[in-house]
Amino acid sequence: MDKAPSKIVPDQAIADAAISDPADVGALLKIPGFQRRHGRANSARWLDALARARQARSSDLPTVSPPQDGPPATHRWASRDPIAAARLKRTRQAVSELAEQHQLPAENLIAPAAVRALTWQPPTPLSQELVAEALTASGVRDWQIKITSGALTEALADD
C-alpha cells in the first residue's frame with residue numbers, strides 16, 4: 001500500500017503499539033485502532049516492524065528532537081544566555097526605531113530570523129563590515145543591510 005501509516009492505522013494506535021510493544025497478534029489487536037480492517041489484515045507487517053525496531057541500534061533510530069542549527073526559541077534566551085537576551089532586546093529596539101523612521105513594518109525592513117541569528121552569534125571581532133557579511137549570509141538584501149547594519153552593530157556593541 002502506498003499510503004502513510006496513519007491512513008492505515010491511527011497515529012495514536014501506532015504510538016501505543018510502540019510503547020506497549022506487543023509480541024503477538026492477540027496483543028496487537030487489543031490496541032484500539034488495530035481492530036480496523038487494515039490493522040487486522042496487516043498485523044503480521046506491524047509485528048515485523050516492531051521486531052525490527054527492537055533489533056535496531058540506538059544510532060539507527062531517529063532523534064527525539066531534531067538538532068538545532070540556529071538560535072533557540074527567543075523565550076529561552078534569558079535562561080540559556082542572558083547576555084544574548086539583552087542583545088536581542090537592544091537589536092529589536094534598534095530595528096523598531098529604524099522601521100518607524102522609514103515608515104516600514106519591522107519585518108519588511110529586515111527578517112526577524114536574520115536579526116536573531118546575528119544576535120545569538122555576533123561576529124568577532126565586532127565591526128559593521130562583519131555584521132554586513134553576516135546579514136548577507138542570512139539572505140538580507142543590500143538595501144536592508146545599508147539601513148540596518150550600523151544600528152545593529154551599535155546595539156551589539158553595548159555588551
# chains A, B, ... in the order shown; residues from 1 in each chain; ligands from 1
>>> residues_around(residues="Thr153 (chain A)", least_positions_apart="2", cutoff="12 Å", atoms="only C-alpha atoms", output="ChimeraX atom specification")
/A:87,90-91,94-95,115,118-119,122-135,145-151,155-159
>>> residues_around(residues="Arg141 (chain A)", least_positions_apart="6", cutoff="10 Å", atoms="only C-alpha atoms", output="JSON, numbers by chain")
{"A": [109, 110, 111, 135]}
>>> write_last_selection(atoms="N, CA and C atoms", output="mmCIF file, in the first residue's frame")
data_model
loop_
_atom_site.group_PDB
_atom_site.id
_atom_site.type_symbol
_atom_site.label_atom_id
_atom_site.label_comp_id
_atom_site.auth_asym_id
_atom_site.auth_seq_id
_atom_site.Cartn_x
_atom_site.Cartn_y
_atom_site.Cartn_z
ATOM 1 N N LEU A 109 11.663 45.587 6.949
ATOM 2 C CA LEU A 109 12.965 46.227 6.973
ATOM 3 C C LEU A 109 14.064 45.173 7.036
ATOM 4 N N ILE A 110 13.879 44.176 7.869
ATOM 5 C CA ILE A 110 14.844 43.076 7.980
ATOM 6 C C ILE A 110 14.120 41.877 8.587
ATOM 7 N N ALA A 111 14.414 40.698 8.087
ATOM 8 C CA ALA A 111 13.760 39.482 8.578
ATOM 9 C C ALA A 111 14.127 39.236 10.037
ATOM 10 N N LEU A 135 24.804 39.403 7.800
ATOM 11 C CA LEU A 135 23.454 39.647 7.280
ATOM 12 C C LEU A 135 23.328 39.158 5.845
#
>>> closest_residue(among="A:Ser58, A:Arg116, A:Ala13, A:Glu107", to="Ala85 (chain A)", atoms="only C-alpha atoms")
A:Arg116
>>> select_by_dssp(residues="region 5-153 of chain A", states="helix (DSSP H, G or I)", output="PyMOL selection string")
chain A and resi 5-8+11-20+25-29+37-41+43-55+58-60+74-80+82-101+106-109+112-120+128-137+142-153
>>> closest_residue(among="A:Ala113, A:Gly139, A:Ala4, A:Asp24", to="Gly70 (chain A)", atoms="only C-alpha atoms")
A:Ala113
>>> residues_around(residues="Phe34 (chain A)", least_positions_apart="6", cutoff="8 Å", atoms="only C-alpha atoms", output="mmCIF file with all heavy atoms, in the first residue's frame")
data_model
loop_
_atom_site.group_PDB
_atom_site.id
_atom_site.type_symbol
_atom_site.label_atom_id
_atom_site.label_comp_id
_atom_site.auth_asym_id
_atom_site.auth_seq_id
_atom_site.Cartn_x
_atom_site.Cartn_y
_atom_site.Cartn_z
ATOM 1 N N VAL A 9 -3.673 2.818 10.055
ATOM 2 C CA VAL A 9 -3.959 2.693 11.484
ATOM 3 C C VAL A 9 -3.730 4.085 12.085
ATOM 4 O O VAL A 9 -2.760 4.755 11.718
ATOM 5 C CB VAL A 9 -3.020 1.647 12.140
ATOM 6 C CG1 VAL A 9 -3.190 1.615 13.641
ATOM 7 C CG2 VAL A 9 -3.263 0.269 11.559
ATOM 8 N N ALA A 13 -2.712 4.766 17.724
ATOM 9 C CA ALA A 13 -2.559 3.311 17.814
ATOM 10 C C ALA A 13 -1.113 2.901 17.528
ATOM 11 O O ALA A 13 -0.563 2.025 18.199
ATOM 12 C CB ALA A 13 -3.505 2.619 16.832
ATOM 13 N N LEU A 28 -1.451 -7.290 19.861
ATOM 14 C CA LEU A 28 -1.535 -6.156 18.931
ATOM 15 C C LEU A 28 -2.982 -5.745 18.708
ATOM 16 O O LEU A 28 -3.309 -4.555 18.736
ATOM 17 C CB LEU A 28 -0.876 -6.512 17.587
ATOM 18 C CG LEU A 28 -0.909 -5.416 16.525
ATOM 19 C CD1 LEU A 28 0.006 -4.259 16.917
ATOM 20 C CD2 LEU A 28 -0.492 -5.980 15.173
ATOM 21 N N ARG A 40 -5.958 -5.249 11.190
ATOM 22 C CA ARG A 40 -6.018 -6.716 11.309
ATOM 23 C C ARG A 40 -5.326 -7.381 10.132
ATOM 24 O O ARG A 40 -4.515 -8.289 10.304
ATOM 25 C CB ARG A 40 -7.474 -7.191 11.372
ATOM 26 C CG ARG A 40 -8.170 -6.948 12.676
ATOM 27 C CD ARG A 40 -9.523 -7.665 12.742
ATOM 28 N NE ARG A 40 -10.300 -7.582 11.504
ATOM 29 C CZ ARG A 40 -11.160 -6.610 11.202
ATOM 30 N NH1 ARG A 40 -11.372 -5.627 12.068
ATOM 31 N NH2 ARG A 40 -11.825 -6.623 10.072
ATOM 32 N N SER A 43 -1.519 -7.146 10.367
ATOM 33 C CA SER A 43 -0.955 -7.355 11.704
ATOM 34 C C SER A 43 0.433 -7.992 11.636
ATOM 35 O O SER A 43 1.318 -7.634 12.422
ATOM 36 C CB SER A 43 -1.895 -8.184 12.571
ATOM 37 O OG SER A 43 -2.142 -9.442 11.969
#
>>> atom_distance(atom1="CA of Pro32 (chain A)", atom2="CA of Ala56 (chain A)")
25.6 Å
>>> residues_around(residues="Asn42 (chain A)", least_positions_apart="3", cutoff="12 Å", atoms="only C-alpha atoms", output="PDB file with C-alpha atoms, in the first residue's frame")
ATOM      1  CA  MET A   1       0.000   0.000   0.000  1.00  0.00           C
ATOM      2  CA  PRO A   5       0.934   4.530   8.105  1.00  0.00           C
ATOM      3  CA  ILE A   8      -3.994   2.551   7.685  1.00  0.00           C
ATOM      4  CA  VAL A   9      -3.959   2.693  11.484  1.00  0.00           C
ATOM      5  CA  VAL A  25      -1.233 -10.766  17.069  1.00  0.00           C
ATOM      6  CA  LEU A  28      -1.535  -6.156  18.931  1.00  0.00           C
ATOM      7  CA  LEU A  29      -5.264  -6.423  18.220  1.00  0.00           C
ATOM      8  CA  PHE A  34      -5.641  -2.158  15.156  1.00  0.00           C
ATOM      9  CA  GLN A  35      -9.103  -3.739  15.123  1.00  0.00           C
ATOM     10  CA  ARG A  36      -9.808  -1.862  11.898  1.00  0.00           C
ATOM     11  CA  ARG A  37      -9.705  -3.847   8.659  1.00  0.00           C
ATOM     12  CA  HIS A  38      -6.229  -2.678   7.623  1.00  0.00           C
ATOM     13  CA  GLY A  39      -4.852  -3.104  11.133  1.00  0.00           C
ATOM     14  CA  ARG A  45       3.623  -6.480   8.974  1.00  0.00           C
ATOM     15  CA  TRP A  46       3.118  -4.401  12.107  1.00  0.00           C
ATOM     16  CA  LEU A  47       4.614  -7.139  14.292  1.00  0.00           C
ATOM     17  CA  ASP A  48       7.545  -7.437  11.880  1.00  0.00           C
ATOM     18  CA  ALA A  49       8.115  -3.672  12.079  1.00  0.00           C
TER      19      ALA A  49
END
>>> atom_distance(atom1="CA of Ala27 (chain A)", atom2="CA of Asp2 (chain A)")
26.0 Å
>>> closest_residue(among="A:Pro105, A:Pro62, A:Pro71, A:Gly26", to="Ala117 (chain A)", atoms="only C-alpha atoms")
A:Pro71
>>> residues_around(residues="Ser96 (chain A)", least_positions_apart="3", cutoff="6 Å", atoms="only C-alpha atoms", output="number ranges by chain")
A: 93, 99, 106
>>> write_last_selection(atoms="C-alpha atoms", output="tab-separated table (two decimals), in the first residue's frame")
chain	number	residue	atom	x	y	z
A	93	GLN	CA	14.61	48.11	19.63
A	99	ALA	CA	11.40	50.80	10.78
A	106	ALA	CA	9.99	45.99	11.09
>>> residues_around(residues="Gln12 (chain A)", least_positions_apart="4", cutoff="9 Å", atoms="only C-alpha atoms", output="ChimeraX atom specification")
/A:6,16-17,32-33
>>> write_last_selection(atoms="N, CA and C atoms", output="mmCIF file, in the first residue's frame")
data_model
loop_
_atom_site.group_PDB
_atom_site.id
_atom_site.type_symbol
_atom_site.label_atom_id
_atom_site.label_comp_id
_atom_site.auth_asym_id
_atom_site.auth_seq_id
_atom_site.Cartn_x
_atom_site.Cartn_y
_atom_site.Cartn_z
ATOM 1 N N SER A 6 -0.431 6.303 9.080
ATOM 2 C CA SER A 6 -1.584 6.807 9.835
ATOM 3 C C SER A 6 -2.885 6.696 9.056
ATOM 4 N N ASP A 16 0.819 3.776 20.607
ATOM 5 C CA ASP A 16 0.503 2.815 21.669
ATOM 6 C C ASP A 16 1.206 1.485 21.425
ATOM 7 N N ALA A 17 1.283 1.056 20.162
ATOM 8 C CA ALA A 17 1.985 -0.189 19.840
ATOM 9 C C ALA A 17 3.472 -0.057 20.122
ATOM 10 N N PRO A 32 -6.490 -0.293 20.652
ATOM 11 C CA PRO A 32 -7.522 0.374 19.851
ATOM 12 C C PRO A 32 -6.915 0.961 18.576
ATOM 13 N N GLY A 33 -7.590 0.704 17.481
ATOM 14 C CA GLY A 33 -7.115 1.186 16.186
ATOM 15 C C GLY A 33 -6.624 0.046 15.316
#
>>> atom_distance(atom1="CA of Ala84 (chain A)", atom2="CA of Glu100 (chain A)")
24.1 Å
>>> decode(residues="region 91-124 of chain A", atoms="N, CA, C and O atoms", output="mmCIF file, in the first residue's frame")
data_model
loop_
_atom_site.group_PDB
_atom_site.id
_atom_site.type_symbol
_atom_site.label_atom_id
_atom_site.label_comp_id
_atom_site.auth_asym_id
_atom_site.auth_seq_id
_atom_site.Cartn_x
_atom_site.Cartn_y
_atom_site.Cartn_z
ATOM 1 N N THR A 91 18.758 44.902 19.868
ATOM 2 C CA THR A 91 18.676 44.853 18.402
ATOM 3 C C THR A 91 17.234 45.000 17.931
ATOM 4 O O THR A 91 16.973 45.668 16.933
ATOM 5 N N ARG A 92 16.313 44.416 18.651
ATOM 6 C CA ARG A 92 14.900 44.581 18.286
ATOM 7 C C ARG A 92 14.474 46.040 18.400
ATOM 8 O O ARG A 92 13.729 46.543 17.557
ATOM 9 N N GLN A 93 14.930 46.688 19.448
ATOM 10 C CA GLN A 93 14.612 48.107 19.633
ATOM 11 C C GLN A 93 15.204 48.931 18.491
ATOM 12 O O GLN A 93 14.539 49.815 17.948
ATOM 13 N N ALA A 94 16.442 48.653 18.111
ATOM 14 C CA ALA A 94 17.093 49.381 17.013
ATOM 15 C C ALA A 94 16.330 49.183 15.711
ATOM 16 O O ALA A 94 16.079 50.145 14.971
ATOM 17 N N VAL A 95 15.920 47.957 15.431
ATOM 18 C CA VAL A 95 15.158 47.677 14.210
ATOM 19 C C VAL A 95 13.816 48.391 14.257
ATOM 20 O O VAL A 95 13.370 48.980 13.259
ATOM 21 N N SER A 96 13.173 48.376 15.406
ATOM 22 C CA SER A 96 11.880 49.037 15.559
ATOM 23 C C SER A 96 11.990 50.534 15.279
ATOM 24 O O SER A 96 11.158 51.118 14.564
ATOM 25 N N GLU A 97 13.022 51.157 15.818
ATOM 26 C CA GLU A 97 13.219 52.594 15.600
ATOM 27 C C GLU A 97 13.509 52.898 14.134
ATOM 28 O O GLU A 97 12.958 53.855 13.574
ATOM 29 N N LEU A 98 14.355 52.078 13.502
ATOM 30 C CA LEU A 98 14.654 52.288 12.082
ATOM 31 C C LEU A 98 13.405 52.084 11.218
ATOM 32 O O LEU A 98 13.170 52.829 10.263
ATOM 33 N N ALA A 99 12.624 51.077 11.549
ATOM 34 C CA ALA A 99 11.404 50.803 10.785
ATOM 35 C C ALA A 99 10.441 51.981 10.886
ATOM 36 O O ALA A 99 9.831 52.379 9.882
ATOM 37 N N GLU A 100 10.337 52.549 12.060
ATOM 38 C CA GLU A 100 9.468 53.709 12.243
ATOM 39 C C GLU A 100 9.984 54.897 11.430
ATOM 40 O O GLU A 100 9.208 55.588 10.763
ATOM 41 N N GLN A 101 11.280 55.140 11.455
ATOM 42 C CA GLN A 101 11.878 56.237 10.679
ATOM 43 C C GLN A 101 11.619 56.079 9.184
ATOM 44 O O GLN A 101 11.387 57.060 8.482
ATOM 45 N N HIS A 102 11.662 54.856 8.707
ATOM 46 C CA HIS A 102 11.491 54.589 7.276
ATOM 47 C C HIS A 102 10.052 54.234 6.913
ATOM 48 O O HIS A 102 9.776 53.873 5.763
ATOM 49 N N GLN A 103 9.176 54.312 7.887
ATOM 50 C CA GLN A 103 7.756 54.028 7.698
ATOM 51 C C GLN A 103 7.533 52.660 7.041
ATOM 52 O O GLN A 103 6.802 52.519 6.063
ATOM 53 N N LEU A 104 8.200 51.665 7.627
ATOM 54 C CA LEU A 104 8.091 50.279 7.166
ATOM 55 C C LEU A 104 7.758 49.379 8.355
ATOM 56 O O LEU A 104 8.182 49.667 9.476
ATOM 57 N N PRO A 105 7.071 48.289 8.108
ATOM 58 C CA PRO A 105 6.952 47.290 9.174
ATOM 59 C C PRO A 105 8.349 46.726 9.463
ATOM 60 O O PRO A 105 9.150 46.536 8.537
ATOM 61 N N ALA A 106 8.656 46.474 10.703
ATOM 62 C CA ALA A 106 9.995 45.989 11.088
ATOM 63 C C ALA A 106 10.372 44.730 10.318
ATOM 64 O O ALA A 106 11.515 44.593 9.873
ATOM 65 N N GLU A 107 9.425 43.828 10.115
ATOM 66 C CA GLU A 107 9.735 42.573 9.420
ATOM 67 C C GLU A 107 10.013 42.781 7.934
ATOM 68 O O GLU A 107 10.608 41.922 7.286
ATOM 69 N N ASN A 108 9.580 43.916 7.365
ATOM 70 C CA ASN A 108 9.925 44.242 5.977
ATOM 71 C C ASN A 108 11.289 44.905 5.887
ATOM 72 O O ASN A 108 11.965 44.802 4.875
ATOM 73 N N LEU A 109 11.663 45.587 6.949
ATOM 74 C CA LEU A 109 12.965 46.227 6.973
ATOM 75 C C LEU A 109 14.064 45.173 7.036
ATOM 76 O O LEU A 109 15.063 45.262 6.324
ATOM 77 N N ILE A 110 13.879 44.176 7.869
ATOM 78 C CA ILE A 110 14.844 43.076 7.980
ATOM 79 C C ILE A 110 14.120 41.877 8.587
ATOM 80 O O ILE A 110 13.298 42.030 9.497
ATOM 81 N N ALA A 111 14.414 40.698 8.087
ATOM 82 C CA ALA A 111 13.760 39.482 8.578
ATOM 83 C C ALA A 111 14.127 39.236 10.037
ATOM 84 O O ALA A 111 15.305 39.257 10.398
ATOM 85 N N PRO A 112 13.136 39.014 10.897
ATOM 86 C CA PRO A 112 13.425 38.753 12.308
ATOM 87 C C PRO A 112 14.391 37.582 12.511
ATOM 88 O O PRO A 112 15.227 37.619 13.414
ATOM 89 N N ALA A 113 14.320 36.558 11.665
ATOM 90 C CA ALA A 113 15.223 35.410 11.805
ATOM 91 C C ALA A 113 16.674 35.822 11.591
ATOM 92 O O ALA A 113 17.580 35.312 12.261
ATOM 93 N N ALA A 114 16.904 36.754 10.672
ATOM 94 C CA ALA A 114 18.269 37.231 10.432
ATOM 95 C C ALA A 114 18.787 37.997 11.643
ATOM 96 O O ALA A 114 19.949 37.854 12.035
ATOM 97 N N VAL A 115 17.933 38.790 12.253
ATOM 98 C CA VAL A 115 18.328 39.542 13.452
ATOM 99 C C VAL A 115 18.623 38.575 14.591
ATOM 100 O O VAL A 115 19.620 38.718 15.311
ATOM 101 N N ARG A 116 17.774 37.548 14.765
ATOM 102 C CA ARG A 116 18.003 36.573 15.831
ATOM 103 C C ARG A 116 19.324 35.833 15.632
ATOM 104 O O ARG A 116 20.101 35.670 16.574
ATOM 105 N N ALA A 117 19.583 35.390 14.397
ATOM 106 C CA ALA A 117 20.830 34.661 14.124
ATOM 107 C C ALA A 117 22.043 35.543 14.403
ATOM 108 O O ALA A 117 23.015 35.103 15.027
ATOM 109 N N LEU A 118 21.991 36.778 13.952
ATOM 110 C CA LEU A 118 23.088 37.717 14.177
ATOM 111 C C LEU A 118 23.277 37.979 15.665
ATOM 112 O O LEU A 118 24.397 38.005 16.177
ATOM 113 N N THR A 119 22.184 38.141 16.373
ATOM 114 C CA THR A 119 22.229 38.485 17.791
ATOM 115 C C THR A 119 22.711 37.306 18.638
ATOM 116 O O THR A 119 23.428 37.491 19.610
ATOM 117 N N TRP A 120 22.314 36.113 18.274
ATOM 118 C CA TRP A 120 22.720 34.931 19.040
ATOM 119 C C TRP A 120 24.225 34.704 18.928
ATOM 120 O O TRP A 120 24.885 34.387 19.908
ATOM 121 N N GLN A 121 24.756 34.868 17.710
ATOM 122 C CA GLN A 121 26.196 34.680 17.494
ATOM 123 C C GLN A 121 26.740 35.859 16.689
ATOM 124 O O GLN A 121 26.936 35.751 15.474
ATOM 125 N N PRO A 122 26.992 36.972 17.345
ATOM 126 C CA PRO A 122 27.517 38.124 16.614
ATOM 127 C C PRO A 122 28.947 37.849 16.142
ATOM 128 O O PRO A 122 29.664 37.051 16.744
ATOM 129 N N PRO A 123 29.347 38.496 15.054
ATOM 130 C CA PRO A 123 30.709 38.268 14.561
ATOM 131 C C PRO A 123 31.745 38.818 15.537
ATOM 132 O O PRO A 123 31.492 39.777 16.262
ATOM 133 N N THR A 124 32.899 38.169 15.550
ATOM 134 C CA THR A 124 34.017 38.668 16.358
ATOM 135 C C THR A 124 35.242 38.735 15.474
ATOM 136 O O THR A 124 35.494 37.788 14.730
#
